[in-house]
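Peer 1: You'll find input.cif just under this line, and it carries mmCIF, C-alpha atoms.
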```cif
data_coords
loop_
_atom_site.label_atom_id
_atom_site.label_comp_id
_atom_site.auth_asym_id
_atom_site.auth_seq_id
_atom_site.Cartn_x
_atom_site.Cartn_y
_atom_site.Cartn_z
CA MET A 1 115.72 215.65 83.32
CA SER A 2 113.41 213.51 81.23
CA GLY A 3 113.72 210.87 78.56
CA THR A 4 116.56 208.37 78.73
CA ALA A 5 119.62 208.36 80.91
CA HIS A 6 121.78 209.03 77.84
CA ALA A 7 121.18 212.76 78.10
CA ALA A 8 123.51 213.05 81.11
CA ALA A 9 126.30 210.87 79.78
CA SER A 10 128.34 213.89 78.76
CA LEU A 11 129.23 214.64 82.39
CA SER A 12 132.94 214.37 82.99
CA PRO A 13 133.70 211.08 84.75
CA SER A 14 135.48 211.13 88.09
CA THR A 15 136.97 208.48 90.27
CA THR A 16 135.36 206.74 93.25
CA ALA A 17 138.19 207.88 95.52
CA PRO A 18 136.40 210.33 97.86
CA THR A 19 137.77 213.69 98.84
CA ALA A 20 138.02 214.60 102.52
CA ALA A 21 134.96 216.83 102.17
CA GLN A 22 132.90 214.03 100.59
CA LEU A 23 133.83 211.37 103.12
CA LEU A 24 131.04 210.37 105.52
CA PRO A 25 132.14 209.43 109.06
CA LEU A 26 131.50 205.97 110.47
CA LYS A 27 129.47 205.89 113.65
CA TRP A 28 130.79 202.47 114.69
CA GLN A 29 131.72 199.11 113.19
CA VAL A 30 131.84 195.50 114.33
CA SER A 31 133.42 192.28 113.09
CA THR A 32 131.04 189.45 112.19
CA ASP A 33 131.22 185.86 110.98
CA GLY A 34 129.19 186.78 107.86
CA ALA A 35 126.25 184.52 108.69
CA GLY A 36 122.93 185.78 107.37
CA MET A 37 124.66 188.38 105.20
CA TYR A 38 122.26 187.83 102.30
CA ALA A 39 119.09 187.64 104.38
CA SER A 40 116.20 189.88 103.34
CA LYS A 41 116.75 192.04 106.44
CA LEU A 42 119.14 192.40 109.35
CA PRO A 43 118.08 191.01 112.76
CA VAL A 44 117.10 194.36 114.29
CA ILE A 45 114.31 195.20 116.71
CA ASN A 46 113.70 198.00 119.22
CA GLY A 47 116.88 199.78 118.16
CA ILE A 48 119.10 196.75 118.86
CA LEU A 49 121.19 194.86 116.28
CA TYR A 50 121.91 191.18 116.91
CA TYR A 51 124.95 189.62 115.22
CA SER A 52 127.46 186.81 115.74
CA HIS A 53 131.25 186.65 115.75
CA LYS A 54 133.56 183.81 116.83
CA ASN A 55 130.72 181.69 118.25
CA THR A 56 129.37 184.57 120.33
CA LEU A 57 126.03 186.34 119.87
CA TYR A 58 126.02 190.09 120.54
CA ALA A 59 123.28 192.65 121.15
CA LYS A 60 124.40 196.17 120.15
CA ASN A 61 122.56 199.43 120.73
CA ILE A 62 122.48 201.03 117.28
CA ALA A 63 122.21 204.61 118.54
CA THR A 64 125.13 204.46 120.98
CA GLY A 65 127.22 201.59 119.59
CA LYS A 66 127.28 200.07 123.09
CA THR A 67 127.15 196.28 123.47
CA GLN A 68 124.13 195.45 125.63
CA TRP A 69 125.04 191.82 126.23
CA SER A 70 126.83 188.83 124.70
CA TYR A 71 126.21 185.08 124.80
CA LYS A 72 129.00 182.56 124.27
CA GLN A 73 128.32 179.54 122.05
CA GLY A 74 125.86 181.72 120.19
CA ALA A 75 125.11 182.01 116.48
CA HIS A 76 123.38 184.28 113.98
CA PRO A 77 119.72 184.79 114.99
CA GLU A 78 117.11 182.86 113.05
CA ILE A 79 114.16 184.61 114.75
CA VAL A 80 114.04 187.98 116.52
CA THR A 81 110.99 189.18 118.44
CA ALA A 82 110.46 192.03 120.91
CA ASN A 83 111.13 189.66 123.82
CA SER A 84 113.15 186.73 122.50
CA ILE A 85 116.03 185.68 120.27
CA PHE A 86 116.20 182.21 118.68
CA PHE A 87 119.26 180.68 117.01
CA ILE A 88 120.70 177.27 116.10
CA ASP A 89 124.00 176.60 117.84
CA ASN A 90 126.92 174.40 116.76
CA GLN A 91 125.57 171.58 118.92
CA GLU A 92 122.48 171.41 116.64
CA GLN A 93 120.26 172.90 119.31
CA LEU A 94 117.53 175.51 118.92
CA VAL A 95 118.24 178.09 121.62
CA LYS A 96 115.96 180.78 123.05
CA LEU A 97 117.37 183.82 124.86
CA SER A 98 115.85 186.87 126.48
CA ALA A 99 116.18 189.77 124.03
CA ALA A 100 116.63 192.21 126.92
CA THR A 101 119.28 190.37 128.94
CA GLY A 102 120.71 187.58 126.79
CA LYS A 103 119.85 185.05 129.50
CA LEU A 104 119.09 181.48 128.43
CA ILE A 105 115.39 180.55 128.50
CA TRP A 106 115.59 177.08 126.93
CA LYS A 107 117.45 174.99 124.39
CA VAL A 108 116.40 171.80 122.64
CA LYS A 109 118.07 169.36 120.27
CA VAL A 110 116.47 169.86 116.87
CA SER A 111 118.36 167.55 114.53
CA GLU A 112 118.73 163.80 114.56
CA HIS A 113 120.71 164.00 111.31
CA PRO A 114 124.09 165.79 111.18
CA MET A 115 123.52 169.32 109.94
CA GLU A 116 126.30 169.20 107.36
CA VAL A 117 124.88 172.15 105.43
CA GLY A 118 122.76 173.96 107.98
CA GLY A 119 119.26 174.58 109.23
CA GLN A 120 116.67 177.30 109.31
CA ALA A 121 113.85 178.28 111.64
CA ARG A 122 110.84 180.56 111.15
CA LEU A 123 108.14 181.80 113.51
CA ILE A 124 104.77 181.51 111.75
CA ASN A 125 101.34 181.83 113.40
CA GLY A 126 102.68 181.14 116.88
CA MET A 127 104.72 178.09 115.83
CA ILE A 128 108.43 177.64 115.17
CA TYR A 129 109.09 175.58 112.06
CA PHE A 130 112.59 174.12 111.78
CA ALA A 131 114.08 172.65 108.60
CA ASN A 132 117.34 170.69 108.41
CA GLU A 133 119.01 170.90 105.01
CA SER A 134 120.17 167.31 105.49
CA GLY A 135 116.49 166.35 105.67
CA GLY A 136 113.41 166.86 107.80
CA VAL A 137 110.94 169.46 109.03
CA ALA A 138 109.70 169.88 112.63
CA ALA A 139 107.46 172.19 114.66
CA TYR A 140 108.17 173.56 118.15
CA ASN A 141 106.26 175.49 120.77
CA PRO A 142 108.07 178.87 121.03
CA VAL A 143 107.13 179.30 124.70
CA THR A 144 108.25 175.91 126.04
CA GLY A 145 110.53 174.55 123.32
CA LYS A 146 108.49 171.34 123.18
CA ARG A 147 108.57 169.54 119.85
CA LEU A 148 105.03 169.20 118.51
CA TRP A 149 105.77 167.04 115.47
CA VAL A 150 108.53 165.99 113.10
CA ASN A 151 108.53 164.71 109.52
CA LYS A 152 111.92 163.17 108.75
CA ASP A 153 111.06 162.34 105.13
CA ILE A 154 110.92 165.84 103.65
CA PRO A 155 114.18 166.74 101.83
CA MET A 156 115.12 170.36 102.45
CA TYR A 157 118.45 170.87 100.67
CA ALA A 158 118.57 174.44 99.32
CA GLY A 159 114.99 174.71 100.54
CA SER A 160 112.61 177.38 101.81
CA ILE A 161 109.75 177.62 104.29
CA TYR A 162 107.11 179.82 102.65
CA GLY A 163 104.45 179.88 105.35
CA GLU A 164 101.01 178.66 106.29
CA TYR A 165 98.28 178.86 103.68
CA PRO A 166 94.70 177.56 103.79
CA GLY A 167 95.10 173.92 104.76
CA ALA A 168 98.87 173.56 104.49
CA LEU A 169 102.35 174.62 105.51
CA VAL A 170 104.23 175.05 102.21
CA VAL A 171 107.95 174.30 101.89
CA SER A 172 110.25 173.60 98.96
CA SER A 173 113.65 172.15 98.10
CA THR A 174 115.76 171.58 95.03
CA VAL A 175 115.89 168.47 92.87
CA ASP A 176 119.31 167.93 91.30
CA ASN A 177 119.93 171.68 91.64
CA ILE A 178 117.64 172.24 88.64
CA ARG A 179 114.04 171.43 89.43
CA THR A 180 112.08 172.55 92.49
CA GLN A 181 109.75 170.37 94.53
CA PHE A 182 107.02 171.93 96.65
CA PHE A 183 105.42 170.14 99.59
CA GLY A 184 102.21 170.79 101.47
CA LEU A 185 102.32 169.65 105.11
CA ASP A 186 99.56 169.48 107.69
CA PRO A 187 100.55 172.31 110.09
CA PHE A 188 99.17 170.38 113.08
CA THR A 189 100.74 166.96 112.43
CA GLY A 190 103.49 167.49 109.83
CA LYS A 191 101.96 164.83 107.59
CA ARG A 192 102.70 165.28 103.90
CA LEU A 193 99.55 166.23 102.00
CA TRP A 194 100.95 166.68 98.48
CA ARG A 195 104.07 167.15 96.38
CA THR A 196 104.52 169.14 93.14
CA GLU A 197 107.71 169.24 91.07
CA GLY A 198 108.86 171.34 88.13
CA LEU A 199 111.02 174.16 86.82
CA TYR A 200 109.44 176.80 89.05
CA ASN A 201 110.56 179.76 91.14
CA TYR A 202 108.42 181.40 93.82
CA VAL A 203 107.35 184.97 92.96
CA ALA A 204 104.61 186.05 95.38
CA SER A 205 101.50 185.15 97.35
CA GLU A 206 98.21 186.23 95.84
CA GLN A 207 94.69 185.65 97.16
CA GLY A 208 95.71 182.63 99.19
CA GLN A 209 97.74 181.00 96.41
CA LEU A 210 101.41 180.94 95.46
CA VAL A 211 102.40 182.54 92.15
CA LEU A 212 105.31 180.72 90.51
CA ARG A 213 107.43 181.56 87.49
CA GLU A 214 107.94 178.61 85.15
CA GLN A 215 111.44 178.52 83.72
CA ALA A 216 112.10 177.46 80.14
CA ALA A 217 113.42 173.91 79.92
CA ALA A 218 117.17 173.72 79.41
CA VAL A 219 118.21 172.95 75.84
CA LYS A 220 120.05 169.63 75.72
CA GLY A 221 123.34 169.62 73.86
CA ASN A 222 124.72 172.28 71.57
CA THR A 223 122.35 173.66 69.01
CA THR A 224 122.39 176.57 66.60
CA GLU A 225 118.67 176.38 66.01
CA ALA A 226 116.33 178.91 67.56
CA VAL A 227 114.08 177.69 70.37
CA PRO A 228 110.86 179.74 70.39
CA GLY A 229 109.09 180.33 73.69
CA TYR A 230 107.69 182.90 76.08
CA GLN A 231 109.79 185.40 77.96
CA LEU A 232 107.71 184.80 81.07
CA THR A 233 105.18 182.20 82.17
CA LEU A 234 103.29 182.35 85.47
CA VAL A 235 101.25 179.63 87.17
CA LYS A 236 99.32 179.47 90.44
CA LEU A 237 99.86 176.77 93.05
CA ASN A 238 96.87 175.87 95.22
CA PRO A 239 98.28 175.23 98.73
CA THR A 240 95.34 173.05 99.72
CA THR A 241 95.65 170.57 96.85
CA GLY A 242 99.11 171.19 95.35
CA LYS A 243 97.50 171.59 91.91
CA LEU A 244 98.79 174.06 89.34
CA SER A 245 96.40 176.25 87.33
CA ASP A 246 95.83 179.60 85.59
CA LYS A 247 98.88 179.60 83.34
CA GLU A 248 99.74 183.06 82.02
CA ASN A 249 102.15 183.43 79.06
CA TYR A 250 103.86 186.71 78.20
CA ASN A 251 105.83 187.94 75.18
CA LEU A 252 106.44 185.18 72.65
CA LEU A 253 110.09 185.25 71.51
CA LYS A 254 111.75 183.63 68.50
CA ASP A 255 114.55 182.20 70.62
CA THR A 256 114.79 181.50 74.37
CA SER A 257 117.63 178.98 74.20
CA ASN A 258 120.08 181.18 76.12
CA MET A 259 117.68 183.33 78.11
CA GLY A 260 118.17 183.57 81.86
CA SER A 261 115.87 185.15 84.44
CA TYR A 262 117.17 187.20 87.39
CA ALA A 263 114.15 188.77 89.09
CA THR A 264 110.35 189.01 88.87
CA THR A 265 108.23 191.53 90.76
CA PHE A 266 104.61 192.71 90.70
CA GLN A 267 103.79 196.43 90.87
CA ASN A 268 100.13 197.38 90.54
CA SER A 269 98.91 195.91 87.21
CA TYR A 270 102.42 195.35 85.86
CA ILE A 271 105.00 192.60 85.96
CA TYR A 272 108.65 193.67 85.94
CA SER A 273 111.08 191.02 84.76
CA VAL A 274 114.87 191.15 84.60
CA ASP A 275 116.26 188.75 82.01
CA SER A 276 119.34 188.14 79.94
CA ILE A 277 118.17 188.18 76.33
CA LEU A 278 119.99 187.14 73.17
CA GLU A 279 122.38 189.75 71.79
CA GLN A 280 122.11 191.84 74.99
CA GLU A 281 125.34 192.08 76.97
CA ASP A 282 123.66 192.86 80.29
CA PRO A 283 120.35 191.82 81.89
CA VAL A 284 117.40 193.92 80.74
CA LEU A 285 114.42 195.18 82.75
CA THR A 286 111.10 194.67 80.95
CA ARG A 287 107.59 195.74 81.94
CA LEU A 288 104.66 193.54 80.96
CA THR A 289 100.98 194.21 81.56
CA ARG A 290 99.43 191.58 83.82
CA GLY A 291 96.81 189.51 82.03
CA ALA A 292 97.81 190.62 78.52
CA ASP A 293 99.84 188.76 75.90
CA THR A 294 100.57 191.13 73.05
CA VAL A 295 103.76 192.82 71.88
CA ALA A 296 102.13 196.22 72.48
CA THR A 297 102.08 195.61 76.24
CA VAL A 298 105.86 195.02 76.46
CA LYS A 299 108.12 197.91 77.49
CA SER A 300 111.91 197.51 77.55
CA TYR A 301 114.14 199.73 79.69
CA ALA A 302 117.32 198.77 77.81
CA SER A 303 117.73 202.31 76.42
CA TYR A 304 118.29 203.72 79.91
CA GLY A 305 121.60 201.87 80.27
CA LYS A 306 122.79 198.92 82.30
CA TRP A 307 120.17 197.76 84.81
CA LEU A 308 121.44 198.03 88.39
CA SER A 309 118.44 197.60 90.69
CA GLY A 310 114.67 197.85 91.02
CA PRO A 311 111.84 198.31 90.83
CA ALA A 312 112.02 199.56 94.42
CA ASP A 313 109.43 202.02 95.73
CA GLY A 314 108.41 203.00 92.22
CA MET A 315 111.91 203.46 90.79
CA ALA A 316 114.48 201.47 88.83
CA PHE A 317 118.16 202.34 88.59
CA PHE A 318 120.54 202.24 85.63
CA GLN A 319 124.01 203.30 84.55
CA HIS A 320 124.96 204.55 81.09
CA GLU A 321 128.72 204.92 80.68
CA THR A 322 129.52 206.63 84.01
CA GLN A 323 126.16 208.25 84.74
CA ILE A 324 123.87 206.69 87.36
CA SER A 325 120.15 207.46 86.94
CA GLY A 326 116.92 206.62 88.66
CA VAL A 327 113.80 206.19 86.52
CA LYS A 328 110.42 206.92 88.10
CA LEU A 329 108.27 204.18 86.64
CA ALA A 330 105.00 206.09 86.92
CA ASP A 331 105.96 208.65 84.26
CA ASP A 332 109.45 207.61 83.03
CA SER A 333 111.00 210.81 84.38
CA VAL A 334 114.70 210.45 85.14
CA VAL A 335 116.74 211.63 88.12
CA ALA A 336 120.44 212.04 87.26
CA PHE A 337 122.69 211.33 90.24
CA ASP A 338 125.58 213.60 91.12
CA HIS A 339 129.10 212.17 91.10
CA ALA A 340 129.52 210.38 87.80
CA ALA A 341 131.92 207.52 88.50
CA GLU A 342 133.34 204.23 87.32
CA PRO A 343 130.99 201.29 86.69
CA VAL A 344 128.78 200.36 89.64
CA GLU A 345 128.96 196.77 90.83
CA HIS A 346 125.85 196.84 93.00
CA LEU A 347 123.15 199.34 93.97
CA GLN A 348 120.59 199.36 96.78
CA ARG A 349 117.86 201.74 97.85
CA ALA A 350 116.88 202.12 101.51
CA GLY A 351 114.42 204.87 102.33
CA HIS A 352 115.40 207.90 100.24
CA ALA A 353 119.07 206.90 100.27
CA VAL A 354 120.57 205.19 97.22
CA PHE A 355 123.81 203.33 97.87
CA ALA A 356 126.01 202.73 94.80
CA ILE A 357 128.78 200.23 95.52
CA TYR A 358 131.97 200.13 93.45
CA ARG A 359 134.49 197.39 92.83
CA ASN A 360 136.96 198.74 95.38
CA GLY A 361 134.30 198.75 98.14
CA THR A 362 133.72 202.51 98.04
CA ILE A 363 130.05 203.57 98.35
CA SER A 364 128.37 206.76 97.16
CA VAL A 365 125.11 207.87 98.80
CA ASN A 366 122.59 209.92 96.80
CA HIS A 367 119.05 211.15 97.40
CA SER A 368 116.56 209.09 95.38
CA ASP A 369 114.30 212.04 94.50
CA THR A 370 116.87 214.74 93.70
CA GLY A 371 120.03 212.83 92.82
CA ALA A 372 122.03 215.01 95.22
CA LEU A 373 125.23 213.44 96.53
CA LEU A 374 125.26 213.21 100.32
CA GLY A 375 128.79 211.83 100.42
CA MET A 376 131.05 208.81 100.06
CA ILE A 377 131.82 205.89 102.36
CA LYS A 378 135.15 204.07 102.50
CA SER A 379 133.89 200.68 103.62
CA GLY A 380 137.28 199.00 103.71
CA ALA A 381 135.82 196.01 101.86
CA THR A 382 138.11 194.27 99.38
CA SER A 383 135.18 193.19 97.19
CA PRO A 384 131.73 194.60 96.30
CA SER A 385 129.96 191.85 98.30
CA PHE A 386 127.38 193.51 100.54
CA GLY A 387 124.21 192.37 102.26
CA ARG A 388 120.90 194.18 102.60
CA ILE A 389 121.43 197.75 103.86
CA THR A 390 118.97 198.82 106.57
CA ILE A 391 118.26 202.29 108.00
CA VAL A 392 117.28 202.34 111.68
CA ASN A 393 116.46 205.66 113.38
CA GLY A 394 118.78 207.61 111.10
CA THR A 395 121.64 205.11 111.07
CA ALA A 396 122.46 203.09 107.95
CA LEU A 397 123.64 199.56 108.78
CA ILE A 398 125.80 198.21 105.97
CA PRO A 399 126.64 194.47 106.19
CA MET A 400 129.73 193.05 104.49
CA GLU A 401 131.31 189.61 104.49
CA HIS A 402 132.98 190.01 107.89
CA ARG A 403 131.87 193.41 109.19
CA ILE A 404 128.90 195.68 109.71
CA ILE A 405 129.46 199.43 109.57
CA ALA A 406 127.07 202.10 110.87
CA VAL A 407 126.80 205.48 109.13
CA PRO A 408 124.55 208.35 110.33
CA LEU A 409 122.26 209.88 107.67
CA PRO A 410 120.33 213.17 107.61
CA GLU A 411 116.59 212.95 108.18
CA GLU A 412 115.73 213.65 104.54
CA TYR A 413 117.59 210.50 103.45
CA GLN A 414 115.76 208.14 105.83
#
```
If you convert what's in this file into structure tokens, what do you get?
Peer 2:
Amino acid sequence: MSGTAHAAASLSPSTTAPTAAQLLPLKWQVSTDGAGMYASKLPVINGILYYSHKNTLYAKNIATGKTQWSYKQGAHPEIVTANSIFFIDNQEQLVKLSAATGKLIWKVKVSEHPMEVGGQARLINGMIYFANESGGVAAYNPVTGKRLWVNKDIPMYAGSIYGEYPGALVVSSTVDNIRTQFFGLDPFTGKRLWRTEGLYNYVASEQGQLVLREQAAAVKGNTTEAVPGYQLTLVKLNPTTGKLSDKENYNLLKDTSNMGSYATTFQNSYIYSVDSILEQEDPVLTRLTRGADTVATVKSYASYGKWLSGPADGMAFFQHETQISGVKLADDSVVAFDHAAEPVEHLQRAGHAVFAIYRNGTISVNHSDTGALLGMIKSGATSPSFGRITIVNGTALIPMEHRIIAVPLPEEYQ
């Protein structure tokens, strides 16, 4: 099938209620407290899944479903390595356990302020960096647990730790839930080197610098007048100095007053941007050529239907009426997925498996290259809220608000 997804819309729609033949069996399932559900990946290493439930941390063998060990007064892992597990407990302590046995190695108090919102920890270049959302950043030795430095003056509400760059550890936090402030810290002392503030979102790292997307300033008050501006503006942040440079503007529009941005990704020489644009009911995926600012370099994917997901591994996914389709971005060829169904609430790709999630929590699984339907999953979820699906040694791990289910997949879907 080629062209737009519209060509397959004539397929007779069916319901998401699976037949007995379509239903995929569950390998095992566990209850969770939902912590870390929206993380970029599940805490998995060496075939073991680590998760928390009712203040207990568990290590589960993914292949067998057997619990390897459990640790009371545990919490969702912040850091997982081949040998160690690190988490922040409800006593505001950073705790290190043996990944193999669950035995305590050390624990250290990490917060002098009450962690009313929470904290985060990352292992970067042999150092654990801890941030308290109530304020403050600190560094710890991962072997001994010794605190190496602390800076109590860095606000970290709704913040992120991006990593070490030439000359600085870069972190960010929100300002009034609108603007973002970036900080450069000396990774050896924690001393603040610089601060930069603005309407920016992090996009990627590129040649030792951070690439940020500059958001259009919010229009004050009600207005019926058009507000011209660019669909997308990129700037580079120098982590050594905190200075912004190399502004790139893309696609001048007559009105950006109600435009909202959802996602920005780089693929080869292209920028893919998902935005809500005036007079469009749903967000639209647009491709722009990096380094160019002409209308001729702008490609809209609105004709393929409602954007669902992507780009991911060279494909983007859409739904027109009831038909789900995957568009191969290299040549715009379209893969029509079997099992036309009701509107999809959420779609994810993992390996060659495409998981389409419906409002009632039912999931269909299709092959990304052929569109063939492998089967359906009755997740038991009461809402389409799912975390990042991960495939480990042939088993799909599907996180929900209070459960993780494991479903075996054939080799060709992995």
Peer 1: Please expand the PyMOL selection byres ((chain A and resi 211) around 7) into the concrete residues it hits in this file, giving the result as a PyMOL selection string.
Peer 2: chain A and resi 202-206+209-210+212-213+234-237
Peer 1: Would you write out those residues with C-alpha atoms, as a PDB file, in the coordinates of the input?
Peer 2:
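again.pdb written:
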```pdb
ATOM      1  CA  TYR A 202     108.420 181.400  93.820  1.00  0.00           C
ATOM      2  CA  VAL A 203     107.350 184.970  92.960  1.00  0.00           C
ATOM      3  CA  ALA A 204     104.610 186.050  95.380  1.00  0.00           C
ATOM      4  CA  SER A 205     101.500 185.150  97.350  1.00  0.00           C
ATOM      5  CA  GLU A 206      98.210 186.230  95.840  1.00  0.00           C
ATOM      6  CA  GLN A 209      97.740 181.000  96.410  1.00  0.00           C
ATOM      7  CA  LEU A 210     101.410 180.940  95.460  1.00  0.00           C
ATOM      8  CA  LEU A 212     105.310 180.720  90.510  1.00  0.00           C
ATOM      9  CA  ARG A 213     107.430 181.560  87.490  1.00  0.00           C
ATOM     10  CA  LEU A 234     103.290 182.350  85.470  1.00  0.00           C
ATOM     11  CA  VAL A 235     101.250 179.630  87.170  1.00  0.00           C
ATOM     12  CA  LYS A 236      99.320 179.470  90.440  1.00  0.00           C
ATOM     13  CA  LEU A 237      99.860 176.770  93.050  1.00  0.00           C
TER      14      LEU A 237
END
```
Peer 1: For CA of Ser31 in chain A and CA of Ile161 in chain A, quote the distance in Å rounded to one decimal.
Peer 2: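 About the pair CA of Ser31 in chain A and CA of Ile161 in chain A: they are 29.2 Å apart.
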Peer 1: Do you know which residues the PyMOL selection byres ((chain A and resi 270) around 6) returns on this file, as a list in words?
Peer 2: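 That selection, the PyMOL selection byres ((chain A and resi 270) around 6), comes back as Phe266, Gln267, Asn268, Ser269, Ile271, Leu288, Thr289 and Arg290 of chain A.
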Peer 1: For Ala350 in chain A, which of A:Glu78, A:Asp313, A:Glu92, A:Asp282 is the closest residue, counting only C-alpha atoms?
Peer 2: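 Smallest separation from Ala350 in chain A among the options: A:Asp313.
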Peer 1: Please enumerate the residues selected by the PyMOL selection byres ((chain A and resi 399-410) around 10) when evaluated against the supplied file, formatted as a PyMOL selection string.
Peer 2: chain A and resi 24-38+42+51+53+62-63+65+353+361+365+374-375+377+379-398+411-414
Peer 1: Would you compute the distance between CA of Arg122 in chain A and CA of Ile79 in chain A? Give it in Å to one decimal.
Peer 2: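 Between CA of Arg122 in chain A and CA of Ile79 in chain A the gap is 6.4 Å.
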Peer 1: Please provide the set of residues having any atom within 8 Å of range 170-173 of chain A, restricted to only C-alpha atoms, with same-chain residues fewer than 6 positions apart removed, written as a PyMOL selection string.
Peer 2: chain A and resi 155-164+180-185+239
Peer 1: For Leu104 in chain A, find every residue with an atom within 10 Å (counting all atoms listed in the file), except residues of its own chain fewer than 2 positions away, and show them as a ChimeraX atom specification.
Peer 2: /A:71,84-85,95-99,101-102,106-107
Peer 1: What would the file look like if the residues just selected were written as a PDB file, in the frame of the given file with C-alpha atoms?
Peer 2:
```pdb
ATOM      1  CA  TYR A  71     126.210 185.080 124.800  1.00  0.00           C
ATOM      2  CA  SER A  84     113.150 186.730 122.500  1.00  0.00           C
ATOM      3  CA  ILE A  85     116.030 185.680 120.270  1.00  0.00           C
ATOM      4  CA  VAL A  95     118.240 178.090 121.620  1.00  0.00           C
ATOM      5  CA  LYS A  96     115.960 180.780 123.050  1.00  0.00           C
ATOM      6  CA  LEU A  97     117.370 183.820 124.860  1.00  0.00           C
ATOM      7  CA  SER A  98     115.850 186.870 126.480  1.00  0.00           C
ATOM      8  CA  ALA A  99     116.180 189.770 124.030  1.00  0.00           C
ATOM      9  CA  THR A 101     119.280 190.370 128.940  1.00  0.00           C
ATOM     10  CA  GLY A 102     120.710 187.580 126.790  1.00  0.00           C
ATOM     11  CA  TRP A 106     115.590 177.080 126.930  1.00  0.00           C
ATOM     12  CA  LYS A 107     117.450 174.990 124.390  1.00  0.00           C
TER      13      LYS A 107
END
```
Peer 1: One decimal, Å: what's the distance from CA of Asn366 in chain A over to CA of Val354 in chain A, could you say?
Peer 2: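 Straight-line distance from CA of Asn366 in chain A to CA of Val354 in chain A works out to 5.2 Å.
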Peer 1: What's the 9 Å shell around Asp255 in chain A, counting all atoms listed in the file, without same-chain residues fewer than 3 positions away, as a list in words?
Peer 2: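 Near neighbours after the sequence-gap exclusion: Glu225, Ala226, Val227, Pro228, Gly229, Tyr230, Leu252, Asn258, Met259 and Leu278 of chain A.
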Peer 1: Around the point (119.3, 195.7, 121.7) in the file's coordinates, collect all residues with an atom within 6 Å, using only C-alpha atoms, and return them as a list in words.
Peer 2: Gly47, Ile48, Leu49, Ala59, Lys60 and Asn61 of chain A
Peer 1: With only C-alpha atoms counted, which protein, DNA or RNA residues have an atom no more than 12 Å from (101.6, 191.9, 77.5) in the file frame? Please answer as a list of chain:residue names.
Peer 2: A:Tyr230, A:Gln231, A:Leu232, A:Thr233, A:Glu248, A:Asn249, A:Tyr250, A:Asn251, A:Leu252, A:Ser269, A:Tyr270, A:Ile271, A:Tyr272, A:Ser273, A:Thr286, A:Arg287, A:Leu288, A:Thr289, A:Arg290, A:Gly291, A:Ala292, A:Asp293, A:Thr294, A:Val295, A:Ala296, A:Thr297, A:Val298, A:Lys299, A:Ser300
